[in-house]
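Shown here: data.tsv, TSV, C-alpha atoms.
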chain	number	residue	atom	x	y	z
A	821	MET	CA	-12.56	2.32	-2.18
A	822	SER	CA	-9.98	1.95	-4.95
A	823	LYS	CA	-9.47	-1.37	-6.65
A	824	PRO	CA	-6.10	-3.09	-6.12
A	825	VAL	CA	-3.81	-3.41	-9.10
A	826	VAL	CA	-2.32	-6.79	-10.05
A	827	ALA	CA	1.43	-7.38	-10.21
A	828	LEU	CA	3.56	-10.37	-11.14
A	829	GLN	CA	6.32	-11.49	-8.79
A	830	LEU	CA	9.17	-11.93	-11.25
A	831	TYR	CA	10.55	-14.87	-9.28
A	832	THR	CA	7.70	-16.81	-10.89
A	833	ILE	CA	9.30	-16.55	-14.33
A	834	ARG	CA	12.96	-16.56	-13.32
A	835	ASP	CA	13.78	-19.29	-15.84
A	836	PHE	CA	12.64	-17.10	-18.73
A	837	ILE	CA	14.24	-13.97	-17.25
A	838	ASN	CA	17.58	-15.71	-16.88
A	839	ALA	CA	17.48	-16.50	-20.60
A	840	ASP	CA	16.21	-13.12	-21.87
A	841	LEU	CA	15.40	-10.39	-19.36
A	842	LYS	CA	14.19	-7.63	-21.66
A	843	GLY	CA	12.33	-9.93	-24.04
A	844	THR	CA	10.58	-11.66	-21.17
A	845	LEU	CA	9.52	-8.40	-19.55
A	846	ALA	CA	8.12	-7.27	-22.90
A	847	LYS	CA	6.04	-10.46	-23.01
A	848	VAL	CA	4.85	-9.85	-19.44
A	849	LYS	CA	3.57	-6.47	-20.57
A	850	GLU	CA	1.97	-8.01	-23.67
A	851	MET	CA	0.06	-10.56	-21.59
A	852	GLY	CA	-1.56	-7.71	-19.68
A	853	TYR	CA	0.51	-6.96	-16.60
A	854	ASN	CA	1.32	-3.32	-15.94
A	855	TYR	CA	3.06	-3.88	-12.61
A	856	VAL	CA	5.74	-6.23	-11.36
A	857	GLU	CA	7.36	-7.06	-8.07
A	858	LEU	CA	11.12	-7.44	-8.29
A	859	ALA	CA	13.15	-10.34	-6.94
A	860	GLY	CA	16.72	-9.21	-7.55
A	861	LEU	CA	18.34	-7.14	-10.28
A	862	TYR	CA	20.05	-9.89	-12.33
A	863	ASP	CA	23.50	-8.28	-12.09
A	864	LEU	CA	22.24	-4.99	-13.49
A	865	SER	CA	22.50	-1.60	-11.85
A	866	ALA	CA	19.32	0.01	-10.63
A	867	GLN	CA	19.56	2.54	-13.45
A	868	GLU	CA	19.97	-0.20	-16.08
A	869	PHE	CA	17.03	-2.21	-14.74
A	870	ARG	CA	14.87	0.92	-14.49
A	871	GLN	CA	15.60	1.72	-18.14
A	872	ILE	CA	14.43	-1.75	-19.20
A	873	LEU	CA	11.26	-1.40	-17.15
A	874	ASP	CA	10.59	2.01	-18.69
A	875	GLU	CA	11.22	0.70	-22.20
A	876	THR	CA	8.84	-2.21	-21.72
A	877	GLY	CA	6.16	-0.09	-20.04
A	878	LEU	CA	6.23	-1.88	-16.70
A	879	GLN	CA	6.28	-0.33	-13.24
A	880	ALA	CA	8.04	-1.96	-10.31
A	881	ILE	CA	5.45	-1.28	-7.65
A	882	SER	CA	7.40	-3.28	-5.07
A	883	ALA	CA	10.42	-5.46	-4.53
A	884	HIS	CA	11.59	-8.31	-2.37
A	885	VAL	CA	14.74	-6.95	-0.77
A	886	GLY	CA	16.98	-9.40	1.02
A	887	TYR	CA	17.82	-9.09	4.70
A	888	GLY	CA	21.46	-9.60	3.77
A	889	ASP	CA	21.41	-6.90	1.09
A	890	LEU	CA	20.07	-4.37	3.57
A	891	ALA	CA	22.45	-5.49	6.30
A	892	ASN	CA	25.49	-5.30	4.00
A	893	ASP	CA	24.71	-1.92	2.40
A	894	LEU	CA	21.61	-0.30	3.83
A	895	ASP	CA	22.01	3.13	2.22
A	896	GLY	CA	23.01	1.79	-1.19
A	897	THR	CA	20.25	-0.81	-1.29
A	898	VAL	CA	17.55	1.68	-0.32
A	899	ALA	CA	18.84	4.15	-2.92
A	900	ALA	CA	18.72	1.45	-5.60
A	901	TYR	CA	15.07	0.63	-5.00
A	902	LYS	CA	14.18	4.30	-4.87
A	903	THR	CA	15.80	4.65	-8.31
A	904	LEU	CA	13.70	1.73	-9.49
A	905	GLY	CA	10.54	3.58	-8.43
A	906	CYS	CA	9.38	1.03	-5.88
A	907	LYS	CA	6.74	2.27	-3.47
A	908	TYR	CA	6.95	-0.85	-1.29
A	909	ALA	CA	9.78	-3.16	-0.24
A	910	ALA	CA	9.26	-6.49	1.48
A	911	ILE	CA	11.93	-8.38	3.36
A	912	PRO	CA	11.08	-11.84	2.06
A	913	TRP	CA	12.85	-14.01	4.59
A	914	ALA	CA	14.48	-13.94	8.01
A	915	ASP	CA	15.96	-16.91	9.81
A	916	SER	CA	14.17	-17.99	12.96
A	917	ALA	CA	17.13	-16.70	14.97
A	918	ASN	CA	16.36	-13.19	13.70
A	919	LEU	CA	12.66	-13.31	14.57
A	920	PRO	CA	10.83	-12.95	17.90
A	921	GLY	CA	11.87	-15.74	20.22
A	922	GLY	CA	15.11	-16.26	18.31
A	923	ALA	CA	18.59	-16.05	19.77
A	924	ASN	CA	19.47	-12.94	17.75
A	925	TRP	CA	16.16	-11.12	18.03
A	926	ALA	CA	17.41	-8.13	20.04
A	927	ALA	CA	20.02	-7.24	17.42
A	928	ALA	CA	17.73	-8.15	14.52
A	929	LYS	CA	14.95	-5.95	15.88
A	930	LYS	CA	17.31	-2.97	15.88
A	931	PHE	CA	18.26	-3.82	12.30
A	932	PHE	CA	14.62	-4.01	11.22
A	933	ILE	CA	13.91	-0.65	12.88
A	934	ASP	CA	16.88	1.01	11.19
A	935	ALA	CA	16.07	-0.50	7.79
A	936	GLY	CA	12.41	0.45	8.06
A	937	ALA	CA	13.29	4.03	8.93
A	938	LYS	CA	15.63	4.32	5.93
A	939	LEU	CA	13.01	2.90	3.60
A	940	LYS	CA	10.32	5.23	4.91
A	941	ALA	CA	12.63	8.22	4.53
A	942	ALA	CA	13.05	7.25	0.86
A	943	GLY	CA	9.28	7.09	0.37
A	944	ILE	CA	9.18	3.29	0.40
A	945	THR	CA	6.77	1.42	2.68
A	946	PRO	CA	8.57	-1.41	4.53
A	947	MET	CA	6.84	-4.79	4.60
A	948	TYR	CA	7.59	-8.30	5.76
A	949	HIS	CA	6.63	-11.34	3.70
A	950	ASN	CA	5.83	-14.56	5.54
A	951	HIS	CA	6.69	-18.18	4.92
A	952	GLU	CA	5.60	-20.99	7.20
A	953	HIS	CA	8.10	-20.71	10.05
A	954	GLU	CA	6.79	-17.30	11.13
A	955	LEU	CA	3.40	-18.91	11.69
A	956	GLU	CA	4.69	-21.20	14.38
A	957	LYS	CA	3.91	-20.37	18.01
A	958	LEU	CA	6.11	-18.93	20.71
A	959	PRO	CA	6.05	-20.54	24.16
A	960	ASN	CA	3.36	-18.03	25.23
A	961	GLY	CA	1.09	-19.20	22.39
A	962	GLU	CA	1.54	-16.08	20.23
A	963	LEU	CA	2.40	-16.54	16.57
A	964	ILE	CA	5.92	-15.43	15.73
A	965	LEU	CA	4.53	-13.27	12.91
A	966	ASP	CA	2.06	-11.56	15.23
A	967	ALA	CA	4.85	-10.84	17.69
A	968	PHE	CA	6.93	-9.39	14.84
A	969	TYR	CA	4.18	-7.01	13.77
A	970	ASN	CA	3.37	-6.09	17.37
A	971	GLU	CA	6.97	-5.17	18.09
A	972	LEU	CA	7.60	-3.44	14.75
A	973	PRO	CA	4.59	-1.20	14.11
A	974	ASP	CA	6.21	0.52	11.11
A	975	TYR	CA	6.23	-2.72	9.13
A	976	HIS	CA	3.25	-3.57	6.97
A	977	ALA	CA	2.19	-7.10	6.14
A	978	GLN	CA	2.63	-8.82	2.82
A	979	MET	CA	0.65	-11.98	3.44
A	980	ASP	CA	1.46	-15.09	1.43
A	981	THR	CA	-1.74	-17.10	1.11
A	982	GLY	CA	0.03	-20.33	0.21
A	983	TRP	CA	2.05	-20.56	3.40
A	984	ILE	CA	-0.89	-19.46	5.55
A	985	ALA	CA	-2.97	-22.28	4.08
A	986	PHE	CA	-0.07	-24.71	4.47
A	987	MET	CA	-0.13	-24.02	8.22
A	988	ASN	CA	-3.83	-24.99	8.32
A	989	MET	CA	-4.98	-21.41	8.78
A	990	CYS	CA	-7.66	-19.57	6.81
A	991	PRO	CA	-5.95	-16.95	4.63
A	992	ALA	CA	-8.99	-14.67	4.46
A	993	GLU	CA	-9.45	-14.75	8.22
A	994	TYR	CA	-5.81	-14.07	8.98
A	995	ILE	CA	-5.54	-11.29	6.40
A	996	GLY	CA	-8.64	-9.71	7.92
A	997	LYS	CA	-6.81	-9.48	11.23
A	998	TYR	CA	-4.43	-6.99	9.62
A	999	ALA	CA	-7.00	-4.75	7.94
A	1000	GLY	CA	-5.44	-1.36	7.30
A	1001	ARG	CA	-1.94	-2.78	7.54
A	1002	CYS	CA	-1.83	-5.24	4.66
A	1003	PRO	CA	-1.29	-3.31	1.41
A	1004	SER	CA	-0.10	-6.34	-0.53
A	1005	ILE	CA	-1.27	-9.94	-0.86
A	1006	HIS	CA	0.77	-12.73	-2.42
A	1007	PHE	CA	-1.77	-14.93	-4.15
A	1008	LYS	CA	0.00	-18.26	-4.12
A	1009	ASP	CA	-2.70	-20.80	-4.89
A	1010	THR	CA	-1.72	-24.25	-3.70
A	1011	ILE	CA	-2.71	-27.82	-3.03
A	1012	VAL	CA	-1.15	-29.64	-0.10
A	1013	THR	CA	-0.79	-33.42	-0.35
A	1014	ASP	CA	0.94	-35.51	2.30
A	1015	GLY	CA	2.60	-32.44	3.74
A	1016	LYS	CA	3.96	-31.30	0.38
A	1017	ILE	CA	2.91	-27.95	-1.07
A	1018	THR	CA	2.42	-27.61	-4.84
A	1019	ASP	CA	1.76	-24.27	-6.53
A	1020	TYR	CA	-0.87	-23.76	-9.23
A	1021	PRO	CA	-1.97	-20.71	-11.21
A	1022	VAL	CA	-4.17	-18.41	-9.17
A	1023	GLY	CA	-7.71	-19.76	-9.23
A	1024	SER	CA	-6.81	-23.37	-9.92
A	1025	GLY	CA	-5.56	-24.47	-6.50
A	1026	SER	CA	-7.49	-25.18	-3.33
A	1027	GLN	CA	-7.86	-21.67	-1.95
A	1028	ASP	CA	-10.99	-19.52	-1.89
A	1029	ILE	CA	-9.47	-16.70	-3.89
A	1030	PRO	CA	-12.68	-14.61	-4.17
A	1031	ALA	CA	-13.09	-14.63	-0.37
A	1032	ILE	CA	-9.44	-13.73	0.19
A	1033	ALA	CA	-9.64	-10.91	-2.35
A	1034	LYS	CA	-12.83	-9.53	-0.83
A	1035	THR	CA	-11.32	-9.46	2.65
A	1036	ALA	CA	-8.12	-7.89	1.35
A	1037	VAL	CA	-9.99	-5.14	-0.49
A	1038	ALA	CA	-12.11	-4.40	2.58
A	1039	GLY	CA	-8.87	-4.04	4.54
A	1040	GLY	CA	-7.40	-1.54	2.11
A	1041	ALA	CA	-5.07	-3.70	-0.01
A	1042	LYS	CA	-3.33	-1.71	-2.74
A	1043	PHE	CA	-1.94	-4.47	-4.92
A	1044	PHE	CA	-2.28	-8.19	-5.48
A	1045	VAL	CA	0.79	-10.20	-6.47
A	1046	ALA	CA	0.54	-13.39	-8.49
A	1047	GLU	CA	3.31	-15.83	-7.61
A	1048	LEU	CA	4.30	-19.44	-8.09
A	1049	ASP	CA	7.50	-20.90	-6.73
A	1050	ASP	CA	7.31	-23.55	-9.46
A	1051	ALA	CA	4.79	-24.16	-12.21
A	1052	THR	CA	3.31	-27.64	-12.63
A	1053	GLY	CA	2.25	-29.04	-16.00
A	1054	MET	CA	2.89	-25.80	-17.87
A	1055	THR	CA	5.58	-23.18	-18.32
A	1056	SER	CA	6.01	-20.44	-15.74
A	1057	MET	CA	4.92	-17.85	-18.32
A	1058	GLU	CA	1.72	-19.80	-19.01
A	1059	ALA	CA	1.07	-19.95	-15.26
A	1060	ALA	CA	1.64	-16.20	-14.96
A	1061	LYS	CA	-0.81	-15.51	-17.79
A	1062	GLN	CA	-3.45	-17.85	-16.39
A	1063	SER	CA	-3.14	-16.22	-12.96
A	1064	LEU	CA	-3.69	-12.77	-14.42
A	1065	GLU	CA	-6.67	-13.89	-16.49
A	1066	TYR	CA	-8.30	-15.37	-13.40
A	1067	LEU	CA	-7.80	-12.25	-11.30
A	1068	LYS	CA	-9.16	-10.19	-14.18
A	1069	SER	CA	-12.24	-12.44	-14.23
A	1070	LEU	CA	-12.84	-11.38	-10.63
A	1071	GLY	CA	-12.73	-7.74	-11.68
A	1072	TYR	CA	-9.13	-6.87	-10.81
Just give me the structure of the file as structure tokens.
Amino acid sequence: MSKPVVALQLYTIRDFINADLKGTLAKVKEMGYNYVELAGLYDLSAQEFRQILDETGLQAISAHVGYGDLANDLDGTVAAYKTLGCKYAAIPWADSANLPGGANWAAAKKFFIDAGAKLKAAGITPMYHNHEHELEKLPNGELILDAFYNELPDYHAQMDTGWIAFMNMCPAEYIGKYAGRCPSIHFKDTIVTDGKITDYPVGSGSQDIPAIAKTAVAGGAKFFVAELDDATGMTSMEAAKQSLEYLKSLGY
């Protein structure tokens, strides 16, 4: 059983990237990351962004690819992420209307099928990344996210531990349900107070990260992604570094 690699979701450090993309990516490499997950191309072409990644020694193992980007230019968007070398692409958000039980689900399902097929043909595994609204229940009691995966068998799961915990579910237990189909885990360590979610560096929130990691590895996870929506009490770069150091302490 191979050990998952650790990547940084670049959304975590968007404030630094917006100020100095290449310099920030060089620092990400210096702090010990070899892999990143993309969250947009910052007005660069795929070729330009790929050159910066190559120059800094980073590999884009995956990317968050917007529903709208795929819908507006499916062929061009898929080609861009193939150029970038991504092996996985996660649609990071869909409105409730475009999910099972939603008013637009029939058309959205066809879109997801078409997009997934194009990604697969380019050698990119399609995934879907959850927030909290997909973990609500349909009238029949089924979770929207479960219905999504049941109806779209070509899509793999990129589970976000923070939102799973926010919905009062056990991340390790839910990830275990998708053993063999969950190549990527978003480690978003959080503390929820009075219904408000706050992100912390991996290992310093309320989640049982060792248990989640163990379950994920047993289920065949290929890469772990460290992510914070917002850092608290430190810079986003400091939070990224602390997250990596913690995951390394667990042997990843």
Sorted by chain and rising residue number, list the residues of range 992-1057 of chain A at most 10 Å from range 965-973 of chain A (counting only C-alpha atoms), each with its closest atom pair and distance in Å to one decimal, as a tab-separated table.
residue	atom	partner	partner_atom	distance
A:Lys997	CA	A:Asp966	CA	10.0
A:Tyr998	CA	A:Tyr969	CA	9.6
A:Arg1001	CA	A:Pro973	CA	9.4
Residues near range 866-879 of chain A, cut-off 10 Å, all atoms listed in the file, skip fewer than 5 positions along chain, as a ChimeraX atom specification: /A:827,841-850,853-858,861,897,899-906
Selection: 9 Å around Met979 in chain A, all atoms listed in the file, excl. self and same-chain fewer than 6 positions, as number ranges by chain: A: 948-951, 991, 994-995, 1002, 1004-1007
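Counting all atoms listed in the file and comparing A:Leu1064, A:Leu919, A:Val1012, A:Ala910, the residue that lies closest to Leu958 in chain A is A:Leu919.
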Between CA of Tyr975 in chain A and CA of Phe932 in chain A - distance in Å to one decimal: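 Between CA of Phe932 in chain A and CA of Tyr975 in chain A the gap is 8.7 Å.
Distances to Trp925 in chain A were evaluated for A:Met851, A:Ala1046, A:Val1022, A:Ile964 using only C-alpha atoms, and the minimum falls at A:Ile964.
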Nearest to Ile911 in chain A, chosen from A:Leu963, A:His976, A:Asp1049, A:Asn892, with all atoms listed in the file counted in the distances: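 Looking only at the distances to Ile911 in chain A, the closest residue turns out to be A:His976.
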Minimum-distance residue to Asp1014 in chain A, chosen among A:Phe986, A:Ala914, A:Gly943, A:Ala891 (using all atoms listed in the file): A:Phe986
